[in-house]
Every structure is written in structure tokens, then in C-alpha cells.
Amino acid sequence: YNNRLQKHEKMEIISELAASVAHEVRNPLQVTRGFLQLLSKRAENSEKTYMNLALVELDRASDIITDFLTFAKPQLDDIKVLNLSEEFKHIVGILAPMAHLQGGEIRLHIPEHLYIRGNSAKFKQAFVNIIKNSIEALEREGLIEIQARTERETIIVHVRDNGQGMEDEELSRLGEPYFSSKTKGTGLGLMVTFRIIEVMQGKIEFKSEKGIGTEAIIRFPSVAIDSE
Ligand code: ADP
Ligand code: MG
């Protein structure tokens, strides 16, 4: 008789715990933010400086939760057959306003009836982190294109942007925890993405050219479904 937990059971418990913590922590962060903003309106100049610093730190805490747990629900992971087109419609619905704020646009070209196996929340988290980076890299006339196609038993997704691009040195450090070129970056987004894609038996690679743009190429094993 062996009552030690299996490794995947431990992972499930950790991920469920993390999701509950995210839910519980997000609300007090928002409430605190609101009160601080209120107070800073009537504060003296010297106090205002501290309050603004506190706001920046609160936002940082909330960014960390966003990179890890945007869609996390406090319930055990359920693995399902995901319809790629449906998943991406949801993701783009969430991110399009953010792209518009940057003066950019997201174009989706995903054929119907492409299926992969995975957890919908995790899948969305992985792609939100990729696409959010593309949005943050956009310059004038920004465009992000998301395409998918099948090659034998593999589904290949391309996320291409015409943003600022990366040097080779930057490219080789992607996914490294805390690696960020942004003043307000967490450096956790792609680490989370890489891990999720690995767990889904997928593969991810990046191509990029400074001043031209970046392309993420993600491969998943496809799931065959009879449409009858
Ligand atoms: P963060 O976005 O918080 O900086 P990430 O792990 O999401 O952390 O990304 C790490 C770094 O990779 C970014 O700071 C940026 O330098 C680079 N990067 C990722 N995606 C892109 C992209 N599409 N265009 C340009 N740079 C990118
Ligand atoms: Mg990021």
C-alpha cells in the first residue's frame, strides 16, 4: 500500500491551489487600488509620490497573476477535445480591444474543424501570453495574423506580428523566467506558455527579425473527429 501522491496528482493540486489563490487575491488588490487612487487625489505632493509607487507595485502584482492565471478556475483540470477556431475566437475577443488601443489589428484565419486535446483554460493562457507580447511589440500600422493548418497528424499554428522584433540574443532567452526587456514586464509570460505547450505534447519555436517582426510557430498533435 502506497499513499504517496503521484507526480501528476501533485501538479493538479498545485494548479488548483494557484487558481484559488489568484481568485482570492485579485479582489483585495482591486479594492486596495481603488482606495489608494481616491486617497491620492487629496494627498499632499510628497504623499502622492508614495501612493503612486504603491499603485505601480499593485499593478505589478496583478500583472503577475495575469501572466499565470487569466483563465484559471478553482477546479481540477479537465482535458477535452478543443475546437481550435472556437478557442481562438474567444482569445481574440478578449485581446482585440488591447490591440486597438495600440492602433493595431488582429486577423484570424483558422479553418473550422481543427481539433486538439487539452485544457481550454490553459490553452487560452498560453496563447494570450504569446499574442499579448505581439500587441506590446506593435508599432505603427500594427498587424497580428493568426493562422492554422494541418500537416499529416500535426496542427500548426502561426502567430505573426510586424512589431519591433528581436535580436538573436533576446530570441535565445525566450521562456527563461524573469527575462524581460520591458520596464513593466514580469518575464513570466512565455515561461508559462512553454510549460503549457509541453504538457499538451506540443512544440513551440520563434523566428524574429529586429525591426521587421516576430513569428511564433506552435505544433500540436491533431485529434481526428468524424463530422457525421
Ligand atoms: P514580458 O512580456 O513580461 O516581458 P514574456 O515572457 O512574455 O515577458 O516575454 C519575454 C520577452 O520576450 C519580452 O520582454 C520581449 O523582449 C520578448 N518578446 C516576446 N515576444 C515578442 C514579440 N512578439 N515581439 C518582440 N519581442 C518579444
Ligand atoms: Mg509577456
# chains A, B, ... in the order shown; residues from 1 in each chain; ligands from 1
>>> residues_around(residues="A:Glu24", least_positions_apart="3", cutoff="12 Å", atoms="only C-alpha atoms", output="VMD selection string")
chain A and resid 17 to 21 27 to 31 62 65 69 72 to 74
>>> closest_atom_pairs(of="chain A", to="ligand 1", cutoff="6 Å", atoms="only C-alpha atoms and all ligand atoms", output="Markdown table")
| residue | atom | partner | partner_atom_place_in_ligand_line | distance |
| --- | --- | --- | --- | --- |
| A:Asn129 | CA | ligand 1 | 7 (O) | 5.9 |
| A:Asn133 | CA | ligand 1 | 20 (N) | 4.5 |
| A:Ser134 | CA | ligand 1 | 23 (N) | 3.7 |
| A:Ala137 | CA | ligand 1 | 24 (N) | 4.8 |
| A:Gly163 | CA | ligand 1 | 24 (N) | 5.9 |
| A:Gln164 | CA | ligand 1 | 25 (C) | 5.6 |
| A:Gly165 | CA | ligand 1 | 25 (C) | 4.4 |
| A:Met166 | CA | ligand 1 | 25 (C) | 5.4 |
| A:Leu174 | CA | ligand 1 | 12 (O) | 5.5 |
| A:Gly175 | CA | ligand 1 | 6 (O) | 5.7 |
| A:Phe179 | CA | ligand 1 | 10 (C) | 5.5 |
| A:Ser180 | CA | ligand 1 | 14 (O) | 3.5 |
| A:Ser181 | CA | ligand 1 | 14 (O) | 4.0 |
| A:Lys182 | CA | ligand 1 | 14 (O) | 5.0 |
| A:Gly185 | CA | ligand 1 | 3 (O) | 3.3 |
| A:Thr186 | CA | ligand 1 | 3 (O) | 3.7 |
| A:Gly187 | CA | ligand 1 | 8 (O) | 3.3 |
| A:Leu188 | CA | ligand 1 | 6 (O) | 4.6 |
| A:Gly189 | CA | ligand 1 | 7 (O) | 3.7 |
| A:Leu190 | CA | ligand 1 | 6 (O) | 3.8 |
| A:Met191 | CA | ligand 1 | 6 (O) | 5.8 |
| A:Thr214 | CA | ligand 1 | 23 (N) | 5.1 |
>>> write_last_selection(atoms="C-alpha atoms", output="PDB file, in the first residue's frame")
ATOM      1  CA  ASN A 129       0.679  35.374 -23.371  1.00  0.00           C
ATOM      2  CA  ASN A 133       3.625  40.099 -26.424  1.00  0.00           C
ATOM      3  CA  SER A 134       2.850  40.700 -30.090  1.00  0.00           C
ATOM      4  CA  ALA A 137       5.661  44.919 -29.670  1.00  0.00           C
ATOM      5  CA  GLY A 163       6.219  44.596 -34.370  1.00  0.00           C
ATOM      6  CA  GLN A 164       9.658  45.622 -33.220  1.00  0.00           C
ATOM      7  CA  GLY A 165      11.202  42.133 -33.477  1.00  0.00           C
ATOM      8  CA  MET A 166      14.125  40.714 -31.503  1.00  0.00           C
ATOM      9  CA  LEU A 174      12.713  33.385 -24.515  1.00  0.00           C
ATOM     10  CA  GLY A 175      10.979  31.348 -21.850  1.00  0.00           C
ATOM     11  CA  PHE A 179      13.729  37.564 -18.744  1.00  0.00           C
ATOM     12  CA  SER A 180      12.038  40.761 -19.903  1.00  0.00           C
ATOM     13  CA  SER A 181      13.049  43.751 -21.997  1.00  0.00           C
ATOM     14  CA  LYS A 182      10.075  45.766 -20.741  1.00  0.00           C
ATOM     15  CA  GLY A 185       7.339  43.203 -17.783  1.00  0.00           C
ATOM     16  CA  THR A 186       7.078  40.197 -15.480  1.00  0.00           C
ATOM     17  CA  GLY A 187       9.277  37.958 -17.629  1.00  0.00           C
ATOM     18  CA  LEU A 188       6.939  35.089 -16.736  1.00  0.00           C
ATOM     19  CA  GLY A 189       4.541  35.023 -19.685  1.00  0.00           C
ATOM     20  CA  LEU A 190       6.482  32.820 -22.079  1.00  0.00           C
ATOM     21  CA  MET A 191       7.786  30.553 -19.337  1.00  0.00           C
ATOM     22  CA  THR A 214       8.184  38.035 -34.962  1.00  0.00           C
TER      23      THR A 214
END
>>> residues_around(residues="A:Phe127", least_positions_apart="3", cutoff="9 Å", atoms="only C-alpha atoms", output="list in words")
Phe88, Ile91, Lys122, Phe123, Lys124, Ile130, Ile131, Lys132 and Thr193 of chain A
>>> write_last_selection(atoms="N, CA and C atoms", output="short mmCIF file (atom, residue, chain, number, x, y, z; two decimals), in the first residue's frame")
data_model
loop_
_atom_site.label_atom_id
_atom_site.label_comp_id
_atom_site.auth_asym_id
_atom_site.auth_seq_id
_atom_site.Cartn_x
_atom_site.Cartn_y
_atom_site.Cartn_z
N PHE A 88 -9.79 30.23 -30.46
CA PHE A 88 -9.15 31.47 -30.90
C PHE A 88 -10.13 32.63 -31.01
N ILE A 91 -10.23 33.99 -27.56
CA ILE A 91 -8.99 34.69 -27.21
C ILE A 91 -8.93 36.06 -27.89
N LYS A 122 -5.99 26.50 -19.93
CA LYS A 122 -4.53 26.51 -20.10
C LYS A 122 -4.16 26.92 -21.52
N PHE A 123 -4.89 26.35 -22.48
CA PHE A 123 -4.64 26.68 -23.88
C PHE A 123 -4.77 28.19 -24.11
N LYS A 124 -5.84 28.75 -23.56
CA LYS A 124 -6.06 30.19 -23.74
C LYS A 124 -4.95 30.99 -23.07
N ILE A 130 1.34 34.77 -25.65
CA ILE A 130 2.05 34.99 -26.92
C ILE A 130 1.51 36.23 -27.63
N ILE A 131 0.18 36.31 -27.73
CA ILE A 131 -0.43 37.40 -28.50
C ILE A 131 -0.28 38.75 -27.79
N LYS A 132 -0.32 38.71 -26.46
CA LYS A 132 -0.11 39.95 -25.69
C LYS A 132 1.29 40.50 -25.97
N THR A 193 3.77 29.85 -20.96
CA THR A 193 3.35 29.34 -22.27
C THR A 193 4.13 28.08 -22.66
#
>>> closest_residue(among="A:Thr183, A:Asn162, A:Asn45, A:Gln125", to="A:Leu95", atoms="only C-alpha atoms")
A:Gln125
>>> atom_distance(atom1="atom CA of A:Ile212", atom2="atom CA of A:His100")
20.0 Å
>>> select_by_dssp(residues="stretch 4-228 of chain A", states="helix (DSSP H, G or I)", output="number ranges by chain")
A: 7-42, 45-69, 84-101, 120-137, 168-171, 189-199
>>> closest_residue(among="A:Ile135, A:Arg195, A:Glu167, A:Gly142", to="ligand 2", atoms="only C-alpha atoms and all ligand atoms")
A:Ile135
>>> residues_around(residues="stretch 81-87 of chain A", least_positions_apart="6", cutoff="7 Å", atoms="only C-alpha atoms", output="list in words")
Ile110, Pro111, Glu112, His113, Leu114, Tyr115, Ile116, Arg117, Gly118 and Ser120 of chain A
>>> select_by_dssp(residues="stretch 5-216 of chain A", states="strand (DSSP E or B)", output="PyMOL selection string")
chain A and resi 80-83+105-109+115-118+143-151+154-161+203-209+213-216
>>> closest_residue(among="A:Met98, A:Ile79, A:Val192, A:Ala216", to="ligand 2", atoms="only C-alpha atoms and all ligand atoms")
A:Val192
>>> closest_residue(among="A:Asp78, A:Ser208, A:Arg149, A:Gln37", to="A:Thr49", atoms="only C-alpha atoms")
A:Gln37
